[in-house]
Each structure stands twice: as structure tokens, then as C-alpha cells.
file entry_39.cif (mmCIF, C-alpha atoms)
data_final
loop_
_atom_site.label_atom_id
_atom_site.label_comp_id
_atom_site.auth_asym_id
_atom_site.auth_seq_id
_atom_site.Cartn_x
_atom_site.Cartn_y
_atom_site.Cartn_z
CA MET A 1 9.40 1.81 -24.11
CA LYS A 2 9.58 3.47 -20.71
CA SER A 3 11.09 1.42 -17.90
CA GLU A 4 9.53 1.82 -14.48
CA LYS A 5 11.68 3.27 -11.75
CA ALA A 6 12.72 0.52 -9.33
CA TYR A 7 12.44 2.61 -6.16
CA ARG A 8 10.37 5.60 -5.03
CA THR A 9 11.31 8.06 -2.32
CA ILE A 10 9.05 8.69 0.64
CA ALA A 11 8.10 12.06 -0.87
CA GLU A 12 7.00 10.41 -4.13
CA VAL A 13 4.99 7.72 -2.34
CA SER A 14 3.49 10.31 -0.01
CA GLU A 15 2.29 12.39 -2.95
CA LEU A 16 1.05 9.36 -4.87
CA LEU A 17 -0.99 8.01 -1.94
CA GLN A 18 -1.96 11.47 -0.69
CA VAL A 19 -0.75 10.92 2.88
CA GLN A 20 1.94 12.75 4.82
CA PRO A 21 5.45 11.24 5.00
CA SER A 22 5.06 11.05 8.78
CA VAL A 23 2.05 8.78 8.27
CA LEU A 24 4.14 6.43 6.11
CA ARG A 25 6.86 6.36 8.78
CA PHE A 26 4.23 5.63 11.44
CA TRP A 27 2.73 2.80 9.39
CA GLU A 28 6.22 1.34 9.10
CA THR A 29 6.29 1.02 12.91
CA GLN A 30 2.80 -0.51 13.05
CA PHE A 31 2.86 -2.95 10.14
CA LYS A 32 5.75 -5.42 9.97
CA GLN A 33 5.02 -6.01 6.28
CA VAL A 34 6.12 -2.45 5.42
CA LYS A 35 9.86 -2.70 4.93
CA PRO A 36 11.29 0.02 2.69
CA LEU A 37 14.93 -0.15 1.75
CA LYS A 38 16.92 2.26 3.91
CA ARG A 39 20.17 3.76 2.67
CA MET A 40 21.99 6.61 4.29
CA GLY A 41 18.92 7.59 6.30
CA ARG A 42 16.55 7.65 3.31
CA ARG A 43 13.67 5.32 2.61
CA TYR A 44 13.12 3.78 -0.81
CA TYR A 45 9.92 1.94 -1.72
CA GLN A 46 9.45 -0.73 -4.39
CA ALA A 47 6.23 -1.05 -6.40
CA GLU A 48 4.93 -3.84 -4.16
CA ASP A 49 5.54 -1.61 -1.13
CA VAL A 50 3.39 1.09 -2.73
CA VAL A 51 0.60 -1.42 -3.38
CA LEU A 52 0.75 -2.59 0.25
CA LEU A 53 0.68 0.98 1.54
CA ALA A 54 -2.30 1.77 -0.70
CA ARG A 55 -4.09 -1.26 0.76
CA ILE A 56 -3.32 -0.11 4.31
CA ARG A 57 -4.54 3.40 3.47
CA ASP A 58 -7.79 2.08 2.07
CA LEU A 59 -8.42 -0.29 4.96
CA LEU A 60 -7.89 2.58 7.40
CA TYR A 61 -9.53 5.48 5.57
CA LYS A 62 -12.16 3.86 3.33
CA ASP A 63 -13.11 0.72 5.25
CA PHE A 64 -12.61 2.48 8.60
CA LEU A 65 -10.70 -0.37 10.22
CA THR A 66 -8.53 0.31 13.26
CA ILE A 67 -4.76 -0.23 13.23
CA LYS A 68 -5.32 -3.55 15.01
CA GLY A 69 -7.99 -4.48 12.49
CA VAL A 70 -5.65 -3.81 9.58
CA GLN A 71 -2.83 -5.71 11.32
CA LYS A 72 -5.14 -8.69 11.70
CA ARG A 73 -6.35 -8.47 8.10
CA LEU A 74 -2.77 -8.30 6.79
CA SER A 75 -1.58 -11.14 9.03
CA LEU A 76 -4.36 -13.38 7.68
CA GLY A 77 -3.15 -12.73 4.15
CA GLU A 78 -4.73 -15.15 1.73
CA GLU A 79 -6.70 -16.81 4.53
CA SER A 80 -8.83 -13.67 4.85
CA GLN A 81 -10.21 -14.29 1.37
CA THR A 82 -11.73 -17.61 2.48
CA ILE A 83 -13.51 -15.86 5.35
CA LEU A 84 -15.35 -13.55 2.97
CA ASN A 85 -18.25 -14.94 1.00
CA GLU A 86 -17.70 -15.41 -2.71
CA SER A 87 -19.39 -12.19 -3.90
CA ASP A 88 -17.53 -10.06 -1.33
CA SER A 89 -14.29 -11.74 -2.31
CA GLN A 90 -14.83 -10.92 -5.99
CA LYS A 91 -15.80 -7.32 -5.17
CA HIS A 92 -12.65 -6.82 -3.08
CA HIS A 93 -10.53 -8.49 -5.75
CA ASP A 94 -11.90 -6.25 -8.50
CA LYS A 95 -11.40 -3.14 -6.36
CA PHE A 96 -7.83 -4.16 -5.52
CA ILE A 97 -6.97 -4.85 -9.18
CA ALA A 98 -8.41 -1.47 -10.20
CA GLU A 99 -6.26 0.23 -7.54
CA ILE A 100 -3.14 -1.56 -8.74
CA ILE A 101 -3.84 -0.40 -12.29
CA ASP A 102 -4.41 3.18 -11.07
CA ILE A 103 -1.15 3.12 -9.10
CA LYS A 104 0.72 1.69 -12.09
CA ASN A 105 -0.67 4.45 -14.32
CA GLU A 106 0.24 7.14 -11.79
CA LEU A 107 3.75 5.73 -11.45
CA ALA A 108 4.09 5.72 -15.24
CA GLU A 109 3.26 9.45 -15.28
CA TYR A 110 6.36 10.13 -13.16
CA LEU A 111 8.60 8.79 -15.90
#

call {"tool": "encode", "arguments": {"input": "entry_39.cif", "output": "C-alpha cells"}}
result
Amino acid sequence: MKSEKAYRTIAEVSELLQVQPSVLRFWETQFKQVKPLKRMGRRYYQAEDVVLLARIRDLLYKDFLTIKGVQKRLSLGEESQTILNESDSQKHHDKFIAEIIDIKNELAEYL
């Protein structure tokens, strides 16, 4: 059985999410939730970091939220789900789960 790699480099995450490394570094300055491990000047991302970055990407590029809008959405966390009506909540949940599965499958291909 293949074991998943614990950390991804910025280049790997950049390729996986199809955004430039400079965008990931910028998001790190804008979203306090993005905290990659830094060792000797290099960034290393865990799987949950990749999921968070994919969510940020989608909120910005697919849902067309502003940086401030995404910051607000992320700061609300679970509370934001109660704001949405039940059908919207389920739709967002299903979409998010599908993305997590896609990311997991793409990460597995790297191994």
C-alpha cells in the first residue's frame, strides 16, 4: 500500500492547484490560516494546507469573491454554513467533498 507523502513543496502544490508559486506566497500573506512549515527558506505544505488553498482558489476564481470576501468566509468557519440555506449548504458540502477526493487522487498520482 502506498503511503501519502507528509509534505509537498510549493512547486508541487503550485502544479496541483494550477496557480503560480508567487500566488501561493501572496495568499500566505493575506490569509492567516495558510501556515506552511518553513525550513531553511523552503515552504512545505501538509494535505490540509492543500485543501485550504484549493478552497481559497475556488472562492477567488470560481465564486469570484474578493480577498476580503474570502477572508470573511474563512474567519466565519463553521458559522458560515448556518448562514446558507439547507440546499446551498448541501451543494457546497458535496462540491467540497468532491474536490477533496480529486486532490487526494492527484496527490496519490505523485507517489

call {"tool": "resolve_selection", "arguments": {"input": "entry_39.cif", "expression": "the PyMOL selection byres ((chain A and resi 15) around 12)", "output": "list of chain:residue names"}}
result
A:Arg8, A:Thr9, A:Ile10, A:Ala11, A:Glu12, A:Val13, A:Ser14, A:Leu16, A:Leu17, A:Gln18, A:Val19, A:Gln20, A:Pro21, A:Val23, A:Leu24, A:Val50, A:Ala54, A:Ile103, A:Glu106, A:Leu107, A:Tyr110

call {"tool": "closest_residue", "arguments": {"input": "entry_39.cif", "among": "A:Asp102, A:Asp94, A:Asp49, A:Glu109", "to": "Trp27 (chain A)", "atoms": "all atoms listed in the file"}}
result
A:Asp49

call {"tool": "resolve_selection", "arguments": {"input": "entry_39.cif", "expression": "the PyMOL selection byres ((chain A and resi 32) around 12)", "output": "number ranges by chain"}}
result
A: 25-31, 33-36, 49, 52-53, 56, 70-72, 74-75

call {"tool": "write_last_selection", "arguments": {"input": "entry_39.cif", "atoms": "C-alpha atoms", "output": "PDB file, keeping the file's coordinate frame"}}
result
ATOM      1  CA  ARG A  25       6.860   6.360   8.780  1.00  0.00           C
ATOM      2  CA  PHE A  26       4.230   5.630  11.440  1.00  0.00           C
ATOM      3  CA  TRP A  27       2.730   2.800   9.390  1.00  0.00           C
ATOM      4  CA  GLU A  28       6.220   1.340   9.100  1.00  0.00           C
ATOM      5  CA  THR A  29       6.290   1.020  12.910  1.00  0.00           C
ATOM      6  CA  GLN A  30       2.800  -0.510  13.050  1.00  0.00           C
ATOM      7  CA  PHE A  31       2.860  -2.950  10.140  1.00  0.00           C
ATOM      8  CA  GLN A  33       5.020  -6.010   6.280  1.00  0.00           C
ATOM      9  CA  VAL A  34       6.120  -2.450   5.420  1.00  0.00           C
ATOM     10  CA  LYS A  35       9.860  -2.700   4.930  1.00  0.00           C
ATOM     11  CA  PRO A  36      11.290   0.020   2.690  1.00  0.00           C
ATOM     12  CA  ASP A  49       5.540  -1.610  -1.130  1.00  0.00           C
ATOM     13  CA  LEU A  52       0.750  -2.590   0.250  1.00  0.00           C
ATOM     14  CA  LEU A  53       0.680   0.980   1.540  1.00  0.00           C
ATOM     15  CA  ILE A  56      -3.320  -0.110   4.310  1.00  0.00           C
ATOM     16  CA  VAL A  70      -5.650  -3.810   9.580  1.00  0.00           C
ATOM     17  CA  GLN A  71      -2.830  -5.710  11.320  1.00  0.00           C
ATOM     18  CA  LYS A  72      -5.140  -8.690  11.700  1.00  0.00           C
ATOM     19  CA  LEU A  74      -2.770  -8.300   6.790  1.00  0.00           C
ATOM     20  CA  SER A  75      -1.580 -11.140   9.030  1.00  0.00           C
TER      21      SER A  75
END

call {"tool": "atom_distance", "arguments": {"input": "entry_39.cif", "atom1": "CA of Phe64 (chain A)", "atom2": "CA of Asn105 (chain A)"}}
result
25.9 Å

call {"tool": "closest_residue", "arguments": {"input": "entry_39.cif", "among": "A:Ile67, A:Ala47, A:Ala6, A:Leu76", "to": "Ile101 (chain A)", "atoms": "all atoms listed in the file"}}
result
A:Ala47

call {"tool": "closest_residue", "arguments": {"input": "entry_39.cif", "among": "A:Glu48, A:Thr66, A:Tyr7, A:Arg55", "to": "Phe96 (chain A)", "atoms": "all atoms listed in the file"}}
result
A:Arg55

call {"tool": "atom_distance", "arguments": {"input": "entry_39.cif", "atom1": "CA of Ser22 (chain A)", "atom2": "CA of Lys95 (chain A)"}}
result
26.5 Å

call {"tool": "atom_distance", "arguments": {"input": "entry_39.cif", "atom1": "CA of His92 (chain A)", "atom2": "CA of Lys68 (chain A)"}}
result
19.8 Å
